[in-house]
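Data block below; observations after.
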Amino acid sequence: MRISKRYLSLLMAWLPMGVMHCENPFVQTCFTTDPAPMVYGDRLYVYTGHDEDNADFFWMQEWRVYSTADMVNWTDHGSPLAIEDFEWADDRAWAPQCVERDGKFYFYVPLHSKLTGAMAIGVAVGDTPTGPFKDAIGRPLVDGDWAYIDPTVFIDDDGQAYLYWGNPNLYYVKLNEDMVSFEGEIKMVEQTPDGFGKPKFVEMEPDKKYKSTYTEGPWFYKRGGIYYMLYAAGGIPENISYSVSDKPTGPWKYMGVIMPQCDTGSFTNHCGVADYKGKSYFFYHTGNLPGGGGFGRSIAVEPFEYNADGSFPEIMPSQAGAPAVATFNPYGRVEAETMSWSRGVSTEPNDSTGLYVSEVHDGDYVKLSNVDFGEDGLRKFGASVASALRGGQIEMRLDSPDGKVAALLDVSGTGGWENWRYIERDAEAGVSGVHDVYFMFIGRKGPKLFNIDYWTFKR
């Protein structure tokens, strides 16, 4: 997504500056949806859908992956999976989830099936959290109904895995140990007022107001012996509600609303929850990027603490997002697609270099938060850049877009938009300690200036 320049003044006025927080929405380079967090190793990964620009429906073609080690700087890993990876599918790459088992990563996704003409759920497998992924079985895992969307998967302590999904009904099946087949029959969860705040749809009384209405987007997990089922509820617009159980298949007890219906610019919502580095995080989506809306959504995150009894507090959307849980070590190679905030830029893939930052124009910038230059300080700053035209300049500024210039790179034409050249310059003396870093892009107004593959910082 290229955010139109006419929105930039609005974006700058709205953006909280100078705080060491994840700034919501925490991806600005494209529209992202339906966040599904997964912790693996020392990083937190979020798997998302991708709304196309200027969409008038959920026209979604691929899934994307982002990761962080500090909750403020996020690395874009691009799109490791798309509709084209499933020969049996032809449309609608909707809400995903990825889980790890025995060193393999299983990516569950809904798609429109060419076999039945309805929605289905497929599964891809990869050797790393960022792929590449391939269709694991060459056919849908479950198929045949328009309700077959929004898969959520959980592996219990005894090794039994469960797949839940559905709109407006909620279904589940027990997965086999291979994670790509299942045993027994598909079952539909009995929705009651005690379990979900309402009876099943056909039993609802038209003039009666119910506590909740399960709609879609289930998120299933276990914590402290409690099984949680979070879901989008209330119809349109959606809130996020939840139910709990002491068994993985219920019976469920309705607990209430977590995130009420809010003016987020999106009539849908979809959540995921993860514990990371001793803290709990609630992921959701909004329509809050400039140019966004109900079909142009963007992922966000809020830190929270469970109540003493394991119940959820009310969680409201914010612009601030999550505070940093670690400082960022810049020394060595830093991929340019790692950022805490950006203005105007996008990212693009290349088979030889991987992902890089593109669509750089005069006045755009990329920000890294909570960067620790240490006591010895920064000595040299460099970047791998490419420009088919005249290039421009990169100002490395500290703590704000108009802060101290710590280093300056002059970028000249390199002979092509993917013809890379590494440039390096001395940094100003005295750059030490922890700072937010802004890479400000300067050049002729109007044309694209250059692309950036990675940064280097040397002591």
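All residue names refer to the structure tokens as shown: chains lettered A, B, ... in order, residues numbered from 1 in each chain, ligands numbered from 1 in order.
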Name all residues at most 8 Å from range 329-338 of chain A (count only C-alpha atoms; drop same-chain ones fewer than 5 positions away) and give them as number ranges by chain.
-> A: 73-76, 347, 355-357, 368, 371-373, 452-459
With N, CA, C and O atoms retained, could you export that selection as a compact mmCIF listing (two decimals), in the first residue's frame?
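part.txt, freshly written:
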# COMPACT_ATOMS: atom_id res chain seq x y z
N ASN A 73 9.75 -2.77 17.44
CA ASN A 73 10.34 -2.84 16.11
C ASN A 73 9.92 -4.16 15.47
O ASN A 73 10.20 -5.23 16.00
N TRP A 74 9.25 -4.06 14.32
CA TRP A 74 8.69 -5.23 13.65
C TRP A 74 9.38 -5.46 12.31
O TRP A 74 9.55 -4.53 11.52
N THR A 75 9.77 -6.71 12.06
CA THR A 75 10.38 -7.08 10.78
C THR A 75 9.33 -7.67 9.87
O THR A 75 8.60 -8.59 10.25
N ASP A 76 9.23 -7.13 8.66
CA ASP A 76 8.33 -7.62 7.63
C ASP A 76 9.00 -8.79 6.93
O ASP A 76 10.06 -8.63 6.32
N THR A 347 7.05 -2.09 0.92
CA THR A 347 8.08 -3.12 0.82
C THR A 347 7.80 -3.98 -0.40
O THR A 347 6.65 -4.16 -0.80
N LEU A 355 13.26 -9.21 0.89
CA LEU A 355 12.41 -8.03 0.97
C LEU A 355 13.25 -6.77 1.10
O LEU A 355 14.33 -6.79 1.70
N TYR A 356 12.76 -5.66 0.54
CA TYR A 356 13.43 -4.39 0.69
C TYR A 356 12.40 -3.27 0.76
O TYR A 356 11.23 -3.45 0.42
N VAL A 357 12.83 -2.09 1.22
CA VAL A 357 11.96 -0.92 1.33
C VAL A 357 11.94 -0.21 -0.01
O VAL A 357 12.99 0.09 -0.60
N LEU A 368 13.18 3.51 13.74
CA LEU A 368 13.52 2.44 14.66
C LEU A 368 13.42 2.99 16.08
O LEU A 368 13.88 4.10 16.34
N VAL A 371 16.71 2.30 20.25
CA VAL A 371 17.97 1.79 19.72
C VAL A 371 19.10 2.09 20.69
O VAL A 371 19.31 3.25 21.07
N ASP A 372 19.82 1.06 21.11
CA ASP A 372 20.88 1.21 22.11
C ASP A 372 22.25 1.22 21.43
O ASP A 372 22.76 0.18 21.00
N PHE A 373 22.86 2.40 21.34
CA PHE A 373 24.17 2.53 20.73
C PHE A 373 25.31 2.24 21.71
O PHE A 373 26.48 2.23 21.31
N ILE A 452 15.89 0.66 -0.49
CA ILE A 452 16.86 0.37 0.57
C ILE A 452 16.72 -1.09 0.97
O ILE A 452 15.62 -1.55 1.32
N ASP A 453 17.82 -1.82 0.95
CA ASP A 453 17.81 -3.24 1.33
C ASP A 453 18.13 -3.43 2.81
O ASP A 453 17.45 -4.17 3.51
N TYR A 454 19.21 -2.77 3.28
CA TYR A 454 19.57 -2.93 4.70
C TYR A 454 20.42 -1.75 5.15
O TYR A 454 20.95 -0.98 4.36
N TRP A 455 20.49 -1.62 6.50
CA TRP A 455 21.34 -0.62 7.15
C TRP A 455 22.52 -1.34 7.84
O TRP A 455 22.39 -2.52 8.20
N THR A 456 23.62 -0.64 8.04
CA THR A 456 24.69 -1.13 8.90
C THR A 456 25.10 -0.05 9.90
O THR A 456 25.12 1.13 9.56
N PHE A 457 25.39 -0.48 11.10
CA PHE A 457 25.87 0.41 12.16
C PHE A 457 27.16 -0.21 12.72
O PHE A 457 27.19 -1.41 13.00
N LYS A 458 28.20 0.59 12.86
CA LYS A 458 29.46 0.09 13.36
C LYS A 458 29.91 0.93 14.54
O LYS A 458 29.76 2.15 14.54
N ARG A 459 30.47 0.26 15.54
CA ARG A 459 30.94 0.95 16.74
C ARG A 459 32.15 1.80 16.41
O ARG A 459 32.98 1.44 15.60
Do a neighbour search on range 207-219 of chain A at 10 Å with only C-alpha atoms, toss out local chain neighbours closer than 3 positions, and write the hits as an MDAnalysis selection string.
-> chainID A and resid 34 36 95:97 147 149:154 164:171 191 193:194 196:201 204 228:236 238:242 254:257 268:273
Name the residues in contact with Ile315 in chain A at a cut-off of 10 Å, using only C-alpha atoms, excluding same-chain residues fewer than 3 positions from it; report them as a PDB file with all heavy atoms, in the first residue's frame.
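Okay, around-v5.pdb is ready:
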ATOM      1  N   ILE A 240     -15.462  -7.986  20.550  1.00  0.00           N
ATOM      2  CA  ILE A 240     -14.775  -9.231  20.873  1.00  0.00           C
ATOM      3  C   ILE A 240     -15.279  -9.712  22.231  1.00  0.00           C
ATOM      4  O   ILE A 240     -15.157  -9.009  23.236  1.00  0.00           O
ATOM      5  CB  ILE A 240     -13.248  -9.067  20.910  1.00  0.00           C
ATOM      6  CG1 ILE A 240     -12.714  -8.614  19.552  1.00  0.00           C
ATOM      7  CG2 ILE A 240     -12.589 -10.381  21.338  1.00  0.00           C
ATOM      8  CD1 ILE A 240     -12.880  -9.616  18.433  1.00  0.00           C
ATOM      9  N   VAL A 257     -17.812  -9.280  27.306  1.00  0.00           N
ATOM     10  CA  VAL A 257     -17.137  -8.565  26.219  1.00  0.00           C
ATOM     11  C   VAL A 257     -15.731  -8.178  26.663  1.00  0.00           C
ATOM     12  O   VAL A 257     -15.523  -7.680  27.770  1.00  0.00           O
ATOM     13  CB  VAL A 257     -17.935  -7.314  25.821  1.00  0.00           C
ATOM     14  CG1 VAL A 257     -17.176  -6.479  24.795  1.00  0.00           C
ATOM     15  CG2 VAL A 257     -19.303  -7.715  25.274  1.00  0.00           C
ATOM     16  N   ILE A 258     -14.763  -8.396  25.786  1.00  0.00           N
ATOM     17  CA  ILE A 258     -13.387  -7.954  26.045  1.00  0.00           C
ATOM     18  C   ILE A 258     -13.152  -6.584  25.420  1.00  0.00           C
ATOM     19  O   ILE A 258     -12.756  -5.641  26.092  1.00  0.00           O
ATOM     20  CB  ILE A 258     -12.366  -8.962  25.481  1.00  0.00           C
ATOM     21  CG1 ILE A 258     -12.528 -10.323  26.145  1.00  0.00           C
ATOM     22  CG2 ILE A 258     -10.939  -8.434  25.684  1.00  0.00           C
ATOM     23  CD1 ILE A 258     -11.659 -11.405  25.526  1.00  0.00           C
ATOM     24  N   MET A 259     -13.365  -6.482  24.116  1.00  0.00           N
ATOM     25  CA  MET A 259     -13.228  -5.198  23.421  1.00  0.00           C
ATOM     26  C   MET A 259     -14.596  -4.810  22.876  1.00  0.00           C
ATOM     27  O   MET A 259     -15.121  -5.457  21.974  1.00  0.00           O
ATOM     28  CB  MET A 259     -12.199  -5.276  22.292  1.00  0.00           C
ATOM     29  CG  MET A 259     -12.031  -3.966  21.525  1.00  0.00           C
ATOM     30  SD  MET A 259     -10.639  -3.986  20.340  1.00  0.00           S
ATOM     31  CE  MET A 259      -9.256  -3.697  21.473  1.00  0.00           C
ATOM     32  N   PRO A 260     -15.209  -3.763  23.428  1.00  0.00           N
ATOM     33  CA  PRO A 260     -16.544  -3.352  22.968  1.00  0.00           C
ATOM     34  C   PRO A 260     -16.509  -2.851  21.530  1.00  0.00           C
ATOM     35  O   PRO A 260     -15.442  -2.627  20.945  1.00  0.00           O
ATOM     36  CB  PRO A 260     -16.908  -2.217  23.933  1.00  0.00           C
ATOM     37  CG  PRO A 260     -15.953  -2.318  25.066  1.00  0.00           C
ATOM     38  CD  PRO A 260     -14.703  -2.930  24.522  1.00  0.00           C
ATOM     39  N   PHE A 282      -2.950  -8.525  23.514  1.00  0.00           N
ATOM     40  CA  PHE A 282      -4.197  -8.711  22.787  1.00  0.00           C
ATOM     41  C   PHE A 282      -4.051  -8.053  21.420  1.00  0.00           C
ATOM     42  O   PHE A 282      -3.842  -6.841  21.329  1.00  0.00           O
ATOM     43  CB  PHE A 282      -5.350  -8.076  23.575  1.00  0.00           C
ATOM     44  CG  PHE A 282      -6.700  -8.200  22.945  1.00  0.00           C
ATOM     45  CD1 PHE A 282      -7.492  -9.309  23.190  1.00  0.00           C
ATOM     46  CD2 PHE A 282      -7.193  -7.198  22.115  1.00  0.00           C
ATOM     47  CE1 PHE A 282      -8.753  -9.427  22.622  1.00  0.00           C
ATOM     48  CE2 PHE A 282      -8.449  -7.310  21.540  1.00  0.00           C
ATOM     49  CZ  PHE A 282      -9.231  -8.430  21.796  1.00  0.00           C
ATOM     50  N   GLU A 302      -2.507  -4.433  22.115  1.00  0.00           N
ATOM     51  CA  GLU A 302      -2.615  -3.799  23.427  1.00  0.00           C
ATOM     52  C   GLU A 302      -2.048  -4.739  24.489  1.00  0.00           C
ATOM     53  O   GLU A 302      -2.375  -5.931  24.510  1.00  0.00           O
ATOM     54  CB  GLU A 302      -4.076  -3.504  23.784  1.00  0.00           C
ATOM     55  CG  GLU A 302      -4.822  -2.660  22.776  1.00  0.00           C
ATOM     56  CD  GLU A 302      -4.266  -1.269  22.602  1.00  0.00           C
ATOM     57  OE1 GLU A 302      -3.559  -0.789  23.513  1.00  0.00           O
ATOM     58  OE2 GLU A 302      -4.540  -0.660  21.544  1.00  0.00           O
ATOM     59  N   PRO A 303      -1.191  -4.224  25.384  1.00  0.00           N
ATOM     60  CA  PRO A 303      -0.792  -5.028  26.543  1.00  0.00           C
ATOM     61  C   PRO A 303      -1.935  -5.088  27.541  1.00  0.00           C
ATOM     62  O   PRO A 303      -2.754  -4.162  27.616  1.00  0.00           O
ATOM     63  CB  PRO A 303       0.393  -4.248  27.113  1.00  0.00           C
ATOM     64  CG  PRO A 303       0.098  -2.825  26.743  1.00  0.00           C
ATOM     65  CD  PRO A 303      -0.606  -2.871  25.416  1.00  0.00           C
ATOM     66  N   PHE A 304      -2.032  -6.166  28.311  1.00  0.00           N
ATOM     67  CA  PHE A 304      -3.069  -6.255  29.329  1.00  0.00           C
ATOM     68  C   PHE A 304      -2.621  -7.228  30.416  1.00  0.00           C
ATOM     69  O   PHE A 304      -1.646  -7.976  30.254  1.00  0.00           O
ATOM     70  CB  PHE A 304      -4.405  -6.708  28.723  1.00  0.00           C
ATOM     71  CG  PHE A 304      -4.468  -8.178  28.373  1.00  0.00           C
ATOM     72  CD1 PHE A 304      -5.036  -9.096  29.247  1.00  0.00           C
ATOM     73  CD2 PHE A 304      -3.955  -8.654  27.166  1.00  0.00           C
ATOM     74  CE1 PHE A 304      -5.084 -10.456  28.942  1.00  0.00           C
ATOM     75  CE2 PHE A 304      -3.997 -10.007  26.854  1.00  0.00           C
ATOM     76  CZ  PHE A 304      -4.566 -10.900  27.733  1.00  0.00           C
ATOM     77  N   GLU A 305      -3.341  -7.229  31.522  1.00  0.00           N
ATOM     78  CA  GLU A 305      -3.123  -8.193  32.600  1.00  0.00           C
ATOM     79  C   GLU A 305      -4.438  -8.902  32.892  1.00  0.00           C
ATOM     80  O   GLU A 305      -5.487  -8.262  33.003  1.00  0.00           O
ATOM     81  CB  GLU A 305      -2.617  -7.496  33.862  1.00  0.00           C
ATOM     82  CG  GLU A 305      -1.232  -6.884  33.720  1.00  0.00           C
ATOM     83  CD  GLU A 305      -0.743  -6.269  35.020  1.00  0.00           C
ATOM     84  OE1 GLU A 305      -1.474  -6.371  36.038  1.00  0.00           O
ATOM     85  OE2 GLU A 305       0.363  -5.698  35.026  1.00  0.00           O
ATOM     86  N   PHE A 312     -10.780 -11.732  31.705  1.00  0.00           N
ATOM     87  CA  PHE A 312     -10.219 -10.608  30.966  1.00  0.00           C
ATOM     88  C   PHE A 312     -10.721  -9.283  31.533  1.00  0.00           C
ATOM     89  O   PHE A 312     -11.885  -9.161  31.913  1.00  0.00           O
ATOM     90  CB  PHE A 312     -10.643 -10.674  29.496  1.00  0.00           C
ATOM     91  CG  PHE A 312      -9.702 -11.441  28.624  1.00  0.00           C
ATOM     92  CD1 PHE A 312      -9.817 -12.818  28.517  1.00  0.00           C
ATOM     93  CD2 PHE A 312      -8.709 -10.798  27.906  1.00  0.00           C
ATOM     94  CE1 PHE A 312      -8.963 -13.538  27.698  1.00  0.00           C
ATOM     95  CE2 PHE A 312      -7.847 -11.500  27.089  1.00  0.00           C
ATOM     96  CZ  PHE A 312      -7.971 -12.882  26.987  1.00  0.00           C
ATOM     97  N   SER A 318      -6.059   1.683  21.346  1.00  0.00           N
ATOM     98  CA  SER A 318      -5.256   2.871  21.627  1.00  0.00           C
ATOM     99  C   SER A 318      -4.340   3.152  20.452  1.00  0.00           C
ATOM    100  O   SER A 318      -4.127   2.307  19.590  1.00  0.00           O
ATOM    101  CB  SER A 318      -4.425   2.677  22.898  1.00  0.00           C
ATOM    102  OG  SER A 318      -3.272   1.887  22.638  1.00  0.00           O
TER     103      SER A 318
END
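In this comparison, which uses only C-alpha atoms, the residue of A:Ser369, A:Gln393, A:Ser79, A:Asn176 approaching Thr130 in chain A most closely is A:Ser79.
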Would you mind listing what lies within 6 Å of range 405-414 of chain A as a tab-separated table (two decimals) with N, CA and C atoms, in the first residue's frame, with only C-alpha atoms counted and same-chain residues fewer than 5 positions away left out?
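Ended up saving to out.tsv:
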chain	number	residue	atom	x	y	z
A	386	ALA	N	19.55	1.32	-3.98
A	386	ALA	CA	19.46	1.21	-5.43
A	386	ALA	C	18.59	2.33	-5.96
A	387	SER	N	19.00	2.92	-7.09
A	387	SER	CA	18.22	4.00	-7.69
A	387	SER	C	18.43	4.00	-9.20
A	388	ALA	N	17.33	3.98	-9.93
A	388	ALA	CA	17.43	4.03	-11.39
A	388	ALA	C	17.58	5.45	-11.89
A	389	LEU	N	17.32	6.42	-11.00
A	389	LEU	CA	17.37	7.82	-11.41
A	389	LEU	C	18.46	8.57	-10.68
A	390	ARG	N	18.11	9.64	-10.02
A	390	ARG	CA	19.10	10.57	-9.49
A	390	ARG	C	19.38	10.39	-8.00
A	391	GLY	N	18.62	9.51	-7.32
A	391	GLY	CA	18.87	9.27	-5.91
A	391	GLY	C	18.34	10.39	-5.03
A	392	GLY	N	19.08	10.66	-3.96
A	392	GLY	CA	18.68	11.67	-2.98
A	392	GLY	C	19.58	11.57	-1.77
A	393	GLN	N	19.03	11.86	-0.60
A	393	GLN	CA	19.80	11.81	0.65
A	393	GLN	C	19.03	11.05	1.72
A	394	ILE	N	19.80	10.46	2.64
A	394	ILE	CA	19.24	9.84	3.84
A	394	ILE	C	19.86	10.54	5.04
A	395	GLU	N	19.02	11.21	5.81
A	395	GLU	CA	19.46	11.81	7.07
A	395	GLU	C	19.07	10.87	8.20
A	396	MET	N	20.05	10.48	9.01
A	396	MET	CA	19.78	9.71	10.21
A	396	MET	C	19.66	10.68	11.38
A	397	ARG	N	18.43	10.88	11.88
A	397	ARG	CA	18.17	11.84	12.95
A	397	ARG	C	17.79	11.13	14.23
A	427	ALA	N	29.83	8.66	11.30
A	427	ALA	CA	28.75	9.26	12.07
A	427	ALA	C	29.28	10.45	12.85
A	428	GLU	N	28.38	11.33	13.25
A	428	GLU	CA	28.76	12.44	14.11
A	428	GLU	C	29.24	11.90	15.46
From a DSSP calculation on the backbone, collect every residue of range 6-192 of chain A in strand (DSSP E or B) and output the set as a ChimeraX atom specification.
-> /A:21,33-40,43-51,60-68,74-76,81-82,89-91,97-101,104-113,119-126,133-135,142-143,152-155,161-165,171-175,182-188
Skip Gly321 in chain A itself and residues of its chain fewer than 2 positions away, then list as number ranges by chain all residues within 6 Å of it, counting only C-alpha atoms.
-> A: 22-24, 301-302, 319
Prev. selection, all heavy atoms, output as a short mmCIF file (atom, residue, chain, number, x, y, z; two decimals), in the first residue's frame:
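Final output, part_14.cif:
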data_model
loop_
_atom_site.label_atom_id
_atom_site.label_comp_id
_atom_site.auth_asym_id
_atom_site.auth_seq_id
_atom_site.Cartn_x
_atom_site.Cartn_y
_atom_site.Cartn_z
N CYS A 22 5.08 0.44 20.83
CA CYS A 22 4.54 0.06 19.53
C CYS A 22 3.45 1.06 19.20
O CYS A 22 2.59 1.33 20.03
CB CYS A 22 3.97 -1.35 19.60
SG CYS A 22 2.84 -1.75 18.28
N GLU A 23 3.49 1.64 18.03
CA GLU A 23 2.51 2.67 17.67
C GLU A 23 1.47 2.06 16.75
O GLU A 23 1.79 1.59 15.66
CB GLU A 23 3.25 3.85 17.02
CG GLU A 23 4.19 4.54 18.01
CD GLU A 23 5.20 5.45 17.35
OE1 GLU A 23 5.19 5.56 16.11
OE2 GLU A 23 6.00 6.06 18.07
N ASN A 24 0.23 2.03 17.19
CA ASN A 24 -0.84 1.38 16.43
C ASN A 24 -1.35 2.24 15.28
O ASN A 24 -1.47 3.45 15.46
CB ASN A 24 -2.01 1.06 17.38
CG ASN A 24 -1.71 -0.12 18.26
OD1 ASN A 24 -1.02 -1.06 17.87
ND2 ASN A 24 -2.25 -0.10 19.46
N VAL A 301 -2.10 -3.80 18.61
CA VAL A 301 -1.85 -4.64 19.79
C VAL A 301 -2.00 -3.80 21.05
O VAL A 301 -1.67 -2.61 21.06
CB VAL A 301 -0.45 -5.28 19.73
CG1 VAL A 301 0.67 -4.24 19.74
CG2 VAL A 301 -0.25 -6.28 20.86
N GLU A 302 -2.51 -4.43 22.12
CA GLU A 302 -2.62 -3.80 23.43
C GLU A 302 -2.05 -4.74 24.49
O GLU A 302 -2.38 -5.93 24.51
CB GLU A 302 -4.08 -3.50 23.78
CG GLU A 302 -4.82 -2.66 22.78
CD GLU A 302 -4.27 -1.27 22.60
OE1 GLU A 302 -3.56 -0.79 23.51
OE2 GLU A 302 -4.54 -0.66 21.54
N GLN A 319 -3.77 4.35 20.44
CA GLN A 319 -2.74 4.68 19.46
C GLN A 319 -1.36 4.28 19.95
O GLN A 319 -0.46 4.05 19.16
CB GLN A 319 -2.77 6.18 19.19
CG GLN A 319 -4.06 6.66 18.55
CD GLN A 319 -4.13 8.18 18.45
OE1 GLN A 319 -3.16 8.87 18.72
NE2 GLN A 319 -5.28 8.70 18.07
#
Excluding Ala326 in chain A and any residue of its chain fewer than 4 positions from it, enumerate the residues within 10 Å of it, using only C-alpha atoms, and give them as a ChimeraX atom specification.
-> /A:69-72,277,370-372
